[in-house]
>>> print(open('data-v9.cif').read())   # mmCIF, C-alpha atoms
data_entry
#
loop_
_atom_site.group_PDB
_atom_site.id
_atom_site.type_symbol
_atom_site.label_atom_id
_atom_site.label_comp_id
_atom_site.auth_asym_id
_atom_site.auth_seq_id
_atom_site.Cartn_x
_atom_site.Cartn_y
_atom_site.Cartn_z
ATOM 1 C CA MET A 1 -11.655 29.035 -18.572
ATOM 2 C CA ARG A 2 -11.180 27.583 -15.123
ATOM 3 C CA HIS A 3 -14.020 27.666 -12.633
ATOM 4 C CA PRO A 4 -13.159 30.007 -9.670
ATOM 5 C CA ILE A 5 -13.090 27.064 -7.261
ATOM 6 C CA GLU A 6 -10.430 25.427 -9.448
ATOM 7 C CA PHE A 7 -8.133 28.391 -8.876
ATOM 8 C CA LEU A 8 -8.379 27.778 -5.163
ATOM 9 C CA PHE A 9 -8.206 23.984 -5.379
ATOM 10 C CA PRO A 10 -6.747 22.895 -8.728
ATOM 11 C CA PRO A 11 -7.707 19.224 -9.367
ATOM 12 C CA GLU A 12 -4.089 18.031 -8.999
ATOM 13 C CA ILE A 13 -3.754 19.778 -5.620
ATOM 14 C CA GLY A 14 -7.094 18.304 -4.558
ATOM 15 C CA ALA A 15 -5.851 14.780 -5.288
ATOM 16 C CA GLU A 16 -2.602 15.448 -3.389
ATOM 17 C CA LEU A 17 -4.545 16.788 -0.420
ATOM 18 C CA ILE A 18 -6.956 13.849 -0.281
ATOM 19 C CA TYR A 19 -4.052 11.432 -0.646
ATOM 20 C CA SER A 20 -2.063 13.092 2.155
ATOM 21 C CA PHE A 21 -5.172 13.295 4.345
ATOM 22 C CA VAL A 22 -5.916 9.551 3.986
ATOM 23 C CA ILE A 23 -2.301 8.596 4.772
ATOM 24 C CA VAL A 24 -2.191 10.930 7.814
ATOM 25 C CA ILE A 25 -5.490 9.529 9.155
ATOM 26 C CA CYS A 26 -4.442 5.872 8.559
ATOM 27 C CA SER A 27 -1.075 6.459 10.233
ATOM 28 C CA LEU A 28 -2.583 8.211 13.256
ATOM 29 C CA MET A 29 -5.192 5.453 13.616
ATOM 30 C CA ILE A 30 -2.418 2.838 13.666
ATOM 31 C CA TYR A 31 -0.487 4.933 16.205
ATOM 32 C CA TYR A 32 -3.425 5.338 18.586
ATOM 33 C CA ALA A 33 -4.769 1.793 18.138
ATOM 34 C CA THR A 34 -1.478 0.419 19.490
ATOM 35 C CA LYS A 35 -1.141 2.981 22.318
ATOM 36 C CA GLU A 36 -2.566 0.815 25.106
ATOM 37 C CA MET A 37 -0.565 -2.257 24.074
ATOM 38 C CA TYR A 38 2.642 -0.252 24.257
ATOM 39 C CA GLU A 39 1.743 1.416 27.558
ATOM 40 C CA LEU A 40 1.116 -2.006 29.101
ATOM 41 C CA SER A 41 4.086 -3.865 27.684
ATOM 42 C CA SER A 42 6.741 -1.161 26.944
ATOM 43 C CA TYR A 43 7.853 -3.556 24.210
ATOM 44 C CA LYS A 44 10.678 -2.114 22.090
ATOM 45 C CA GLY A 45 9.416 -3.503 18.768
ATOM 46 C CA LEU A 46 6.019 -1.921 19.381
ATOM 47 C CA LYS A 47 7.651 1.392 20.260
ATOM 48 C CA TYR A 48 9.421 1.642 16.896
ATOM 49 C CA PHE A 49 6.426 0.295 14.975
ATOM 50 C CA ARG A 50 4.277 3.094 16.444
ATOM 51 C CA LEU A 51 6.997 5.696 15.943
ATOM 52 C CA SER A 52 7.207 4.694 12.304
ATOM 53 C CA PHE A 53 3.551 5.564 11.695
ATOM 54 C CA LEU A 54 3.855 8.780 13.688
ATOM 55 C CA PHE A 55 6.690 9.769 11.346
ATOM 56 C CA PHE A 56 4.560 8.805 8.322
ATOM 57 C CA ALA A 57 1.753 11.057 9.632
ATOM 58 C CA LEU A 58 4.209 13.901 10.185
ATOM 59 C CA ALA A 59 5.774 13.414 6.748
ATOM 60 C CA TYR A 60 2.484 13.481 4.868
ATOM 61 C CA PHE A 61 1.231 16.400 6.951
ATOM 62 C CA PHE A 62 4.235 18.401 5.812
ATOM 63 C CA ARG A 63 4.011 17.120 2.276
ATOM 64 C CA TYR A 64 1.043 19.302 1.285
ATOM 65 C CA PHE A 65 -1.054 20.234 4.268
ATOM 66 C CA ILE A 66 1.265 22.830 5.702
ATOM 67 C CA GLN A 67 1.681 24.535 2.319
ATOM 68 C CA PHE A 68 -2.061 24.390 1.789
ATOM 69 C CA PHE A 69 -2.768 25.994 5.179
ATOM 70 C CA LEU A 70 -0.199 28.716 4.621
ATOM 71 C CA VAL A 71 -1.695 29.589 1.241
ATOM 72 C CA PHE A 72 -5.319 29.149 2.333
ATOM 73 C CA PHE A 73 -4.997 31.356 5.409
ATOM 74 C CA ASN A 74 -2.723 33.772 3.547
ATOM 75 C CA ILE A 75 0.003 33.663 6.181
ATOM 76 C CA GLN A 76 2.227 35.891 4.031
ATOM 77 C CA GLU A 77 -0.061 38.820 4.818
ATOM 78 C CA ILE A 78 0.579 38.334 8.521
ATOM 79 C CA ILE A 79 4.238 37.264 8.502
ATOM 80 C CA ASP A 80 6.621 38.400 5.791
ATOM 81 C CA ILE A 81 8.068 35.028 4.807
ATOM 82 C CA SER A 82 9.292 33.851 1.437
ATOM 83 C CA PRO A 83 7.337 30.931 -0.146
ATOM 84 C CA ARG A 84 10.720 29.403 -0.999
ATOM 85 C CA ILE A 85 11.594 29.134 2.728
ATOM 86 C CA ILE A 86 8.215 27.543 3.467
ATOM 87 C CA PHE A 87 8.629 25.067 0.604
ATOM 88 C CA ASP A 88 12.205 24.123 1.524
ATOM 89 C CA THR A 89 11.396 23.718 5.226
ATOM 90 C CA SER A 90 8.372 21.508 4.561
ATOM 91 C CA MET A 91 10.388 19.519 1.993
ATOM 92 C CA PHE A 92 13.160 18.975 4.566
ATOM 93 C CA ILE A 93 10.684 17.839 7.234
ATOM 94 C CA PHE A 94 8.894 15.563 4.733
ATOM 95 C CA LEU A 95 12.121 13.882 3.610
ATOM 96 C CA TYR A 96 13.473 13.537 7.170
ATOM 97 C CA SER A 97 10.199 12.177 8.611
ATOM 98 C CA SER A 98 9.511 9.755 5.773
ATOM 99 C CA SER A 99 13.095 8.415 5.940
ATOM 100 C CA MET A 100 12.791 8.017 9.723
ATOM 101 C CA ALA A 101 9.437 6.275 9.261
ATOM 102 C CA VAL A 102 11.053 3.662 7.024
ATOM 103 C CA PHE A 103 14.060 3.273 9.333
ATOM 104 C CA CYS A 104 11.846 2.879 12.419
ATOM 105 C CA LEU A 105 9.770 0.228 10.647
ATOM 106 C CA LEU A 106 12.942 -1.570 9.650
ATOM 107 C CA TYR A 107 14.298 -1.303 13.206
ATOM 108 C CA SER A 108 11.032 -2.593 14.712
ATOM 109 C CA VAL A 109 11.451 -5.795 12.684
ATOM 110 C CA MET A 110 15.219 -6.135 13.068
ATOM 111 C CA TRP A 111 15.993 -4.887 16.623
ATOM 112 C CA LYS A 112 16.352 -8.398 18.086
ATOM 113 C CA LYS A 113 18.665 -9.518 15.287
ATOM 114 C CA TRP A 114 20.729 -6.357 15.765
ATOM 115 C CA ASN A 115 21.269 -7.233 19.448
ATOM 116 C CA HIS A 116 19.097 -4.365 20.717
ATOM 117 C CA SER A 117 21.776 -1.893 19.497
ATOM 118 C CA LYS A 118 20.665 1.723 20.027
ATOM 119 C CA GLN A 119 23.552 3.044 17.946
ATOM 120 C CA LYS A 120 21.729 1.979 14.776
ATOM 121 C CA MET A 121 18.982 4.497 15.583
ATOM 122 C CA TYR A 122 21.568 7.297 15.898
ATOM 123 C CA LEU A 123 22.978 6.209 12.568
ATOM 124 C CA PHE A 124 19.500 6.174 11.004
ATOM 125 C CA ASN A 125 18.837 9.665 12.370
ATOM 126 C CA ALA A 126 22.053 10.937 10.820
ATOM 127 C CA LEU A 127 21.210 9.210 7.522
ATOM 128 C CA ALA A 128 17.702 10.718 7.510
ATOM 129 C CA ILE A 129 19.157 14.210 8.043
ATOM 130 C CA ILE A 130 21.653 13.668 5.185
ATOM 131 C CA ILE A 131 18.867 12.412 2.874
ATOM 132 C CA ALA A 132 16.675 15.396 3.792
ATOM 133 C CA LEU A 133 19.518 17.875 3.266
ATOM 134 C CA ILE A 134 20.531 16.415 -0.104
ATOM 135 C CA GLY A 135 16.901 16.179 -1.226
ATOM 136 C CA THR A 136 16.216 19.794 -0.244
ATOM 137 C CA LEU A 137 19.440 21.297 -1.602
ATOM 138 C CA PHE A 138 19.750 19.281 -4.849
ATOM 139 C CA ARG A 139 16.070 18.891 -5.660
ATOM 140 C CA GLY A 140 15.513 17.106 -8.969
ATOM 141 C CA MET A 141 19.163 16.206 -9.305
ATOM 142 C CA LEU A 142 20.553 12.790 -10.082
ATOM 143 C CA VAL A 143 22.280 12.672 -6.710
ATOM 144 C CA SER A 144 18.884 12.405 -4.973
ATOM 145 C CA LEU A 145 17.851 9.636 -7.322
ATOM 146 C CA GLY A 146 21.097 7.755 -6.687
ATOM 147 C CA LEU A 147 20.773 8.137 -2.924
ATOM 148 C CA ASN A 148 17.234 6.777 -2.932
ATOM 149 C CA VAL A 149 18.183 3.832 -5.120
ATOM 150 C CA ILE A 150 21.064 2.986 -2.732
ATOM 151 C CA LEU A 151 18.634 3.211 0.175
ATOM 152 C CA LEU A 152 16.125 0.959 -1.577
ATOM 153 C CA LEU A 153 18.876 -1.609 -2.213
ATOM 154 C CA PHE A 154 19.935 -1.429 1.445
ATOM 155 C CA VAL A 155 16.381 -1.915 2.773
ATOM 156 C CA SER A 156 15.723 -4.677 0.213
ATOM 157 C CA PHE A 157 18.875 -6.531 1.243
ATOM 158 C CA ILE A 158 17.908 -6.496 4.934
ATOM 159 C CA LEU A 159 14.343 -7.548 4.179
ATOM 160 C CA PHE A 160 15.471 -10.253 1.778
ATOM 161 C CA THR A 161 17.764 -11.694 4.482
ATOM 162 C CA ALA A 162 14.901 -11.691 6.994
ATOM 163 C CA TYR A 163 12.587 -13.193 4.325
ATOM 164 C CA ASN A 164 15.000 -16.088 3.784
ATOM 165 C CA GLU A 165 15.294 -16.742 7.526
ATOM 166 C CA ASN A 166 11.512 -16.882 7.864
ATOM 167 C CA LYS A 167 10.883 -19.085 4.852
ATOM 168 C CA LYS A 168 8.908 -21.607 6.864
ATOM 169 C CA LYS A 169 6.562 -19.032 8.392
ATOM 170 C CA ARG A 170 4.071 -18.078 5.699
ATOM 171 C CA SER A 171 2.228 -15.368 7.646
ATOM 172 C CA LYS A 172 5.474 -13.484 8.256
ATOM 173 C CA ASN A 173 6.358 -13.750 4.588
ATOM 174 C CA SER A 174 3.106 -12.079 3.554
ATOM 175 C CA LEU A 175 3.881 -9.266 5.981
ATOM 176 C CA LEU A 176 7.388 -8.864 4.603
ATOM 177 C CA VAL A 177 5.867 -8.485 1.141
ATOM 178 C CA ILE A 178 3.650 -5.676 2.486
ATOM 179 C CA TYR A 179 6.631 -3.984 4.147
ATOM 180 C CA PHE A 180 8.663 -4.350 0.970
ATOM 181 C CA ALA A 181 5.823 -2.806 -1.076
ATOM 182 C CA LEU A 182 5.634 0.030 1.450
ATOM 183 C CA PHE A 183 9.352 0.732 1.049
ATOM 184 C CA ILE A 184 9.150 0.722 -2.754
ATOM 185 C CA PHE A 185 6.208 3.111 -2.717
ATOM 186 C CA TRP A 186 7.978 5.335 -0.225
ATOM 187 C CA ILE A 187 10.838 5.644 -2.742
ATOM 188 C CA LEU A 188 8.352 6.335 -5.564
ATOM 189 C CA ASN A 189 6.630 8.973 -3.421
ATOM 190 C CA VAL A 190 9.924 10.708 -2.721
ATOM 191 C CA LEU A 191 10.872 10.549 -6.396
ATOM 192 C CA SER A 192 7.486 11.881 -7.511
ATOM 193 C CA ILE A 193 8.246 15.008 -5.468
ATOM 194 C CA LEU A 194 11.922 15.335 -6.325
ATOM 195 C CA LEU A 195 11.437 14.535 -10.012
ATOM 196 C CA PRO A 196 7.784 15.426 -10.715
ATOM 197 C CA LYS A 197 8.066 15.143 -14.532
ATOM 198 C CA PHE A 198 9.704 11.737 -14.319
ATOM 199 C CA LEU A 199 6.700 10.035 -12.729
ATOM 200 C CA GLN A 200 3.837 12.367 -13.705
ATOM 201 C CA LEU A 201 2.016 9.712 -15.715
ATOM 202 C CA TYR A 202 2.006 7.254 -12.849
ATOM 203 C CA GLN A 203 1.197 9.700 -10.040
ATOM 204 C CA LEU A 204 -2.411 8.597 -9.573
ATOM 205 C CA ALA A 205 -1.425 4.915 -9.595
ATOM 206 C CA ILE A 206 1.266 5.624 -6.968
ATOM 207 C CA TYR A 207 -1.301 7.389 -4.772
ATOM 208 C CA LEU A 208 -3.892 4.632 -5.074
ATOM 209 C CA ILE A 209 -1.472 1.791 -4.393
ATOM 210 C CA SER A 210 0.104 3.675 -1.462
ATOM 211 C CA ILE A 211 -3.346 4.209 0.070
ATOM 212 C CA PHE A 212 -4.144 0.519 -0.493
ATOM 213 C CA ILE A 213 -0.937 -0.561 1.322
ATOM 214 C CA PHE A 214 -1.687 1.712 4.297
ATOM 215 C CA MET A 215 -5.289 0.457 4.401
ATOM 216 C CA VAL A 216 -4.089 -3.175 4.467
ATOM 217 C CA ILE A 217 -1.731 -2.416 7.376
ATOM 218 C CA LEU A 218 -4.463 -0.462 9.206
ATOM 219 C CA TYR A 219 -6.922 -3.330 8.698
ATOM 220 C CA LYS A 220 -4.411 -5.847 10.086
ATOM 221 C CA VAL A 221 -3.685 -3.591 13.079
ATOM 222 C CA LEU A 222 -7.349 -2.992 13.905
ATOM 223 C CA LYS A 223 -8.155 -6.686 13.497
ATOM 224 C CA LYS A 224 -5.339 -7.714 15.828
ATOM 225 C CA THR A 225 -5.894 -5.043 18.473
ATOM 226 C CA GLY A 226 -9.629 -5.693 18.487
ATOM 227 C CA ASN A 227 -10.447 -2.010 17.993
ATOM 228 C CA MET B 1 11.293 -26.556 27.322
ATOM 229 C CA THR B 2 11.732 -23.237 25.521
ATOM 230 C CA LYS B 3 13.130 -20.140 27.197
ATOM 231 C CA ARG B 4 10.383 -17.762 28.310
ATOM 232 C CA GLY B 5 10.346 -14.286 26.841
ATOM 233 C CA LYS B 6 10.262 -11.142 28.981
ATOM 234 C CA LEU B 7 6.560 -10.522 28.451
ATOM 235 C CA GLU B 8 5.741 -14.141 29.286
ATOM 236 C CA ILE B 9 7.697 -13.936 32.572
ATOM 237 C CA ILE B 10 5.843 -10.714 33.464
ATOM 238 C CA LYS B 11 2.519 -12.390 32.661
ATOM 239 C CA ASP B 12 3.447 -15.425 34.820
ATOM 240 C CA ILE B 13 4.420 -13.234 37.792
ATOM 241 C CA LEU B 14 1.210 -11.220 37.490
ATOM 242 C CA ARG B 15 -0.865 -14.428 37.233
ATOM 243 C CA ILE B 16 0.685 -15.781 40.449
ATOM 244 C CA ILE B 17 -0.237 -12.538 42.237
ATOM 245 C CA GLN B 18 -3.740 -12.637 40.750
ATOM 246 C CA LYS B 19 -4.305 -16.232 41.904
ATOM 247 C CA SER B 20 -3.156 -15.388 45.436
ATOM 248 C CA ASN B 21 -5.835 -12.666 45.721
ATOM 249 C CA GLY B 22 -3.274 -10.192 47.000
ATOM 250 C CA LEU B 23 -2.083 -12.481 49.788
ATOM 251 C CA ILE B 24 1.388 -13.240 48.496
ATOM 252 C CA LYS B 25 4.676 -11.987 49.916
ATOM 253 C CA PRO B 26 7.819 -11.295 47.827
ATOM 254 C CA THR B 27 9.699 -14.484 48.887
ATOM 255 C CA PRO B 28 6.995 -17.021 47.909
ATOM 256 C CA LEU B 29 6.469 -15.027 44.712
ATOM 257 C CA LEU B 30 10.180 -15.383 43.886
ATOM 258 C CA ARG B 31 9.983 -19.138 44.505
ATOM 259 C CA LYS B 32 6.875 -19.621 42.362
ATOM 260 C CA SER B 33 8.072 -17.399 39.504
ATOM 261 C CA GLY B 34 10.870 -19.826 38.573
ATOM 262 C CA ILE B 35 13.563 -17.227 37.860
ATOM 263 C CA SER B 36 16.815 -16.386 39.622
ATOM 264 C CA SER B 37 16.675 -13.954 42.527
ATOM 265 C CA ALA B 38 18.765 -11.411 40.593
ATOM 266 C CA SER B 39 16.314 -11.510 37.670
ATOM 267 C CA PHE B 40 13.370 -11.440 40.039
ATOM 268 C CA LYS B 41 14.686 -8.288 41.680
ATOM 269 C CA GLU B 42 14.915 -6.593 38.261
ATOM 270 C CA TYR B 43 11.427 -7.704 37.221
ATOM 271 C CA TYR B 44 9.969 -6.746 40.597
ATOM 272 C CA THR B 45 11.415 -3.224 40.419
ATOM 273 C CA GLU B 46 10.237 -2.844 36.828
ATOM 274 C CA LEU B 47 6.705 -3.984 37.653
ATOM 275 C CA LEU B 48 6.531 -1.505 40.524
ATOM 276 C CA GLN B 49 7.885 1.305 38.341
ATOM 277 C CA LYS B 50 5.408 0.542 35.559
ATOM 278 C CA GLU B 51 2.639 0.425 38.164
ATOM 279 C CA LEU B 52 1.563 -3.088 37.235
ATOM 280 C CA ILE B 53 1.833 -4.132 40.903
ATOM 281 C CA LYS B 54 1.707 -2.327 44.240
ATOM 282 C CA GLU B 55 2.964 -3.172 47.712
ATOM 283 C CA LYS B 56 0.698 -3.223 50.727
ATOM 284 C CA THR B 57 2.141 -3.315 54.233
ATOM 285 C CA ASN B 58 0.190 -4.585 57.236
ATOM 286 C CA PRO B 59 1.258 -5.959 60.664
ATOM 287 C CA GLN B 60 1.958 -9.384 59.115
ATOM 288 C CA GLY B 61 4.418 -7.928 56.613
ATOM 289 C CA LYS B 62 4.631 -6.772 52.989
ATOM 290 C CA TYR B 63 2.079 -8.123 50.489
ATOM 291 C CA ILE B 64 1.876 -7.665 46.756
ATOM 292 C CA ASN B 65 -1.253 -6.685 44.864
ATOM 293 C CA LEU B 66 -2.113 -6.149 41.225
ATOM 294 C CA THR B 67 -3.049 -2.656 40.067
ATOM 295 C CA GLU B 68 -5.756 -1.931 37.481
ATOM 296 C CA LYS B 69 -2.969 -1.782 34.900
ATOM 297 C CA GLY B 70 -1.726 -5.190 36.047
ATOM 298 C CA PHE B 71 -5.169 -6.744 35.566
ATOM 299 C CA ARG B 72 -5.391 -5.091 32.152
ATOM 300 C CA PHE B 73 -1.993 -6.528 31.184
ATOM 301 C CA ILE B 74 -3.203 -10.075 31.923
ATOM 302 C CA GLU B 75 -6.402 -9.415 29.973
ATOM 303 C CA ARG B 76 -4.546 -8.053 26.937
ATOM 304 C CA TYR B 77 -1.516 -10.377 27.063
ATOM 305 C CA LYS B 78 -2.706 -12.718 24.296
ATOM 306 C CA THR B 79 -3.573 -9.797 22.020
ATOM 307 C CA ILE B 80 -0.164 -8.201 22.581
ATOM 308 C CA ILE B 81 1.696 -11.446 21.816
ATOM 309 C CA SER B 82 -0.423 -12.177 18.775
ATOM 310 C CA PHE B 83 0.203 -8.621 17.489
ATOM 311 C CA ILE B 84 3.961 -8.928 18.005
ATOM 312 C CA GLU B 85 3.977 -12.246 16.116
ATOM 313 C CA GLU B 86 1.754 -10.980 13.310
ATOM 314 C CA PHE B 87 3.980 -7.949 12.652
ATOM 315 C CA ASP B 88 7.206 -9.810 13.388
ATOM 316 C CA LEU B 89 8.224 -7.162 15.956
#
>>> encode(input="data-v9.cif", output="structure tokens")
Amino acid sequence: MRHPIEFLFPPEIGAELIYSFVIVICSLMIYYATKEMYELSSYKGLKYFRLSFLFFALAYFFRYFIQFFLVFFNIQEIIDISPRIIFDTSMFIFLYSSSMAVFCLLYSVMWKKWNHSKQKMYLFNALAIIIALIGTLFRGMLVSLGLNVILLLFVSFILFTAYNENKKKRSKNSLLVIYFALFIFWILNVLSILLPKFLQLYQLAIYLISIFIFMVILYKVLKKTGN
Amino acid sequence: MTKRGKLEIIKDILRIIQKSNGLIKPTPLLRKSGISSASFKEYYTELLQKELIKEKTNPQGKYINLTEKGFRFIERYKTIISFIEEFDL
């Protein structure tokens, strides 16, 4: 028989919550550690780099936290709202924000090569909305899987091109590897939600490696900003 | 000689103002900054808007001073550039 506390916080939910909490904290720390640098320089690359981590924080907040708060504080007793609506809304926001986070990170690295084009950001916004809509409406369907694979191929192609151009600069290459790992784990995170049974066995590994990647980026940011 | 980036030009302009101890006028600043007058006008407006510099008028004319934010920019310039290079931004 389950201990009463396990009804409130089943172990799997506990792990999800801790995971989301760590990612939200890491992302917000990166966002605030770079605040002064951006305020002083108004540098476009910095703007999108920071925005990317703000979107990551938002995405992981909506991944579990919002559902947890609604259940924990028993919001349904106060407002008559269907759990399905809550789940779908938070799923939509998670998919939109996490897609935007990846696109902003990509744009922060590529904006100079793309001739400062702002239209790409409009395109990325539209793409993120489409991804979020498809993910929310066809949850667990092959179409979501296909869309994410196409997106991974697209991001990989851009990063691979940049990687080849920077072959001589070793430090940049190591960073591109981190970014690439971040993009792969973003896809795995999305898939672990859309197709929970598909990746159930590897869930803990996905969480741990994702946290490790965020920690590495946070460490690099704090080291460079001197915070 | 390599082309200076935007942040480097801003840093150079602010350094010239800093070295003059707030006793520099716009025309000598333009001459010392080594950019065209059209570019200088753009940079000058931007620096005023971002409150990195401020104008001070006295009977001798208009002088340019650094603000607190301007001093902070010079202080943090190397960190900002090193961050941008590290993250390939």
>>> resolve_selection(input="data-v9.cif", expression="the PyMOL selection byres ((chain B) within 8 of (chain A))", output="PyMOL selection string")
chain B and resi 7+69+72-73+76+79-80+82-84+86-89
>>> residues_around(input="data-v9.cif", residues="Phe21 of chain A", least_positions_apart="4", cutoff="10 Å", atoms="all atoms listed in the file", output="list in words")
Ala15, Glu16, Leu17, Ile25, Cys26, Ser27, Ala57, Tyr60, Phe61, Tyr64 and Phe65 of chain A
>>> write_last_selection(input="data-v9.cif", atoms="C-alpha atoms", output="PDB file, keeping the file's coordinate frame")
ATOM      1  CA  ALA A  15      -5.851  14.780  -5.288  1.00  0.00           C
ATOM      2  CA  GLU A  16      -2.602  15.448  -3.389  1.00  0.00           C
ATOM      3  CA  LEU A  17      -4.545  16.788  -0.420  1.00  0.00           C
ATOM      4  CA  ILE A  25      -5.490   9.529   9.155  1.00  0.00           C
ATOM      5  CA  CYS A  26      -4.442   5.872   8.559  1.00  0.00           C
ATOM      6  CA  SER A  27      -1.075   6.459  10.233  1.00  0.00           C
ATOM      7  CA  ALA A  57       1.753  11.057   9.632  1.00  0.00           C
ATOM      8  CA  TYR A  60       2.484  13.481   4.868  1.00  0.00           C
ATOM      9  CA  PHE A  61       1.231  16.400   6.951  1.00  0.00           C
ATOM     10  CA  TYR A  64       1.043  19.302   1.285  1.00  0.00           C
ATOM     11  CA  PHE A  65      -1.054  20.234   4.268  1.00  0.00           C
TER      12      PHE A  65
END
>>> atom_distance(input="data-v9.cif", atom1="atom CA of Leu127 of chain A", atom2="atom CA of Phe103 of chain A")
9.5 Å
>>> closest_residue(input="data-v9.cif", among="A:Asn148, A:Ser90, A:Ser210, A:Thr161", to="Lys113 of chain A", atoms="only C-alpha atoms")
A:Thr161
>>> resolve_selection(input="data-v9.cif", expression="the PyMOL selection byres ((chain B and resi 43-51) around 10)", output="MDAnalysis selection string")
(chainID A and resid 39:42) or (chainID B and resid 6 9:10 13:14 26 29:30 35 37:42 52:55 64 66:70)
>>> atom_distance(input="data-v9.cif", atom1="atom CA of Ala126 of chain A", atom2="atom CA of Trp186 of chain A")
18.7 Å
>>> resolve_selection(input="data-v9.cif", expression="the PyMOL selection byres ((chain B and resi 18) around 10)", output="ChimeraX atom specification")
/B:12-17,19-24,64-66,70-71,74
>>> write_last_selection(input="data-v9.cif", atoms="C-alpha atoms", output="PDB file, in the frame of the given file")
ATOM      1  CA  ASP B  12       3.447 -15.425  34.820  1.00  0.00           C
ATOM      2  CA  ILE B  13       4.420 -13.234  37.792  1.00  0.00           C
ATOM      3  CA  LEU B  14       1.210 -11.220  37.490  1.00  0.00           C
ATOM      4  CA  ARG B  15      -0.865 -14.428  37.233  1.00  0.00           C
ATOM      5  CA  ILE B  16       0.685 -15.781  40.449  1.00  0.00           C
ATOM      6  CA  ILE B  17      -0.237 -12.538  42.237  1.00  0.00           C
ATOM      7  CA  LYS B  19      -4.305 -16.232  41.904  1.00  0.00           C
ATOM      8  CA  SER B  20      -3.156 -15.388  45.436  1.00  0.00           C
ATOM      9  CA  ASN B  21      -5.835 -12.666  45.721  1.00  0.00           C
ATOM     10  CA  GLY B  22      -3.274 -10.192  47.000  1.00  0.00           C
ATOM     11  CA  LEU B  23      -2.083 -12.481  49.788  1.00  0.00           C
ATOM     12  CA  ILE B  24       1.388 -13.240  48.496  1.00  0.00           C
ATOM     13  CA  ILE B  64       1.876  -7.665  46.756  1.00  0.00           C
ATOM     14  CA  ASN B  65      -1.253  -6.685  44.864  1.00  0.00           C
ATOM     15  CA  LEU B  66      -2.113  -6.149  41.225  1.00  0.00           C
ATOM     16  CA  GLY B  70      -1.726  -5.190  36.047  1.00  0.00           C
ATOM     17  CA  PHE B  71      -5.169  -6.744  35.566  1.00  0.00           C
ATOM     18  CA  ILE B  74      -3.203 -10.075  31.923  1.00  0.00           C
TER      19      ILE B  74
END
>>> atom_distance(input="data-v9.cif", atom1="atom CA of Ile129 of chain A", atom2="atom CA of Phe87 of chain A")
16.9 Å
>>> axis_aligned_box(input="data-v9.cif", around="segment 176-183 of chain A", padding_each_side="3 Å", output="lines of an AutoDock Vina configuration file")
center_x = 6.5
center_y = -4.1
center_z = 1.8
size_x = 11.7
size_y = 15.6
size_z = 11.7
>>> decode(input="data-v9.cif", residues="segment 25-37 of chain B", atoms="N, CA and C atoms", output="PDB file, in the first residue's frame")
ATOM      1  N   LYS B  25      34.436  68.640 -26.812  1.00  0.00           N
ATOM      2  CA  LYS B  25      33.256  69.104 -27.545  1.00  0.00           C
ATOM      3  C   LYS B  25      32.969  68.107 -28.675  1.00  0.00           C
ATOM      4  N   PRO B  26      31.753  68.141 -29.248  1.00  0.00           N
ATOM      5  CA  PRO B  26      31.408  67.162 -30.289  1.00  0.00           C
ATOM      6  C   PRO B  26      32.388  67.142 -31.481  1.00  0.00           C
ATOM      7  N   THR B  27      32.832  68.308 -31.965  1.00  0.00           N
ATOM      8  CA  THR B  27      33.688  68.302 -33.175  1.00  0.00           C
ATOM      9  C   THR B  27      35.041  67.610 -32.945  1.00  0.00           C
ATOM     10  N   PRO B  28      35.781  67.950 -31.882  1.00  0.00           N
ATOM     11  CA  PRO B  28      37.030  67.198 -31.653  1.00  0.00           C
ATOM     12  C   PRO B  28      36.787  65.705 -31.418  1.00  0.00           C
ATOM     13  N   LEU B  29      35.648  65.401 -30.802  1.00  0.00           N
ATOM     14  CA  LEU B  29      35.317  63.983 -30.557  1.00  0.00           C
ATOM     15  C   LEU B  29      35.134  63.252 -31.890  1.00  0.00           C
ATOM     16  N   LEU B  30      34.455  63.910 -32.831  1.00  0.00           N
ATOM     17  CA  LEU B  30      34.252  63.327 -34.165  1.00  0.00           C
ATOM     18  C   LEU B  30      35.613  63.071 -34.819  1.00  0.00           C
ATOM     19  N   ARG B  31      36.506  64.057 -34.719  1.00  0.00           N
ATOM     20  CA  ARG B  31      37.822  63.931 -35.353  1.00  0.00           C
ATOM     21  C   ARG B  31      38.616  62.766 -34.747  1.00  0.00           C
ATOM     22  N   LYS B  32      38.593  62.681 -33.418  1.00  0.00           N
ATOM     23  CA  LYS B  32      39.386  61.648 -32.741  1.00  0.00           C
ATOM     24  C   LYS B  32      38.782  60.246 -32.875  1.00  0.00           C
ATOM     25  N   SER B  33      37.465  60.181 -33.111  1.00  0.00           N
ATOM     26  CA  SER B  33      36.826  58.850 -33.144  1.00  0.00           C
ATOM     27  C   SER B  33      37.151  58.059 -34.412  1.00  0.00           C
ATOM     28  N   GLY B  34      37.585  58.735 -35.456  1.00  0.00           N
ATOM     29  CA  GLY B  34      38.023  58.045 -36.681  1.00  0.00           C
ATOM     30  C   GLY B  34      36.900  57.400 -37.476  1.00  0.00           C
ATOM     31  N   ILE B  35      35.704  57.964 -37.405  1.00  0.00           N
ATOM     32  CA  ILE B  35      34.596  57.459 -38.240  1.00  0.00           C
ATOM     33  C   ILE B  35      34.006  58.633 -39.028  1.00  0.00           C
ATOM     34  N   SER B  36      33.212  58.305 -40.036  1.00  0.00           N
ATOM     35  CA  SER B  36      32.638  59.369 -40.868  1.00  0.00           C
ATOM     36  C   SER B  36      31.651  60.199 -40.049  1.00  0.00           C
ATOM     37  N   SER B  37      31.377  61.418 -40.505  1.00  0.00           N
ATOM     38  CA  SER B  37      30.486  62.268 -39.712  1.00  0.00           C
ATOM     39  C   SER B  37      29.065  61.710 -39.678  1.00  0.00           C
TER      40      SER B  37
END
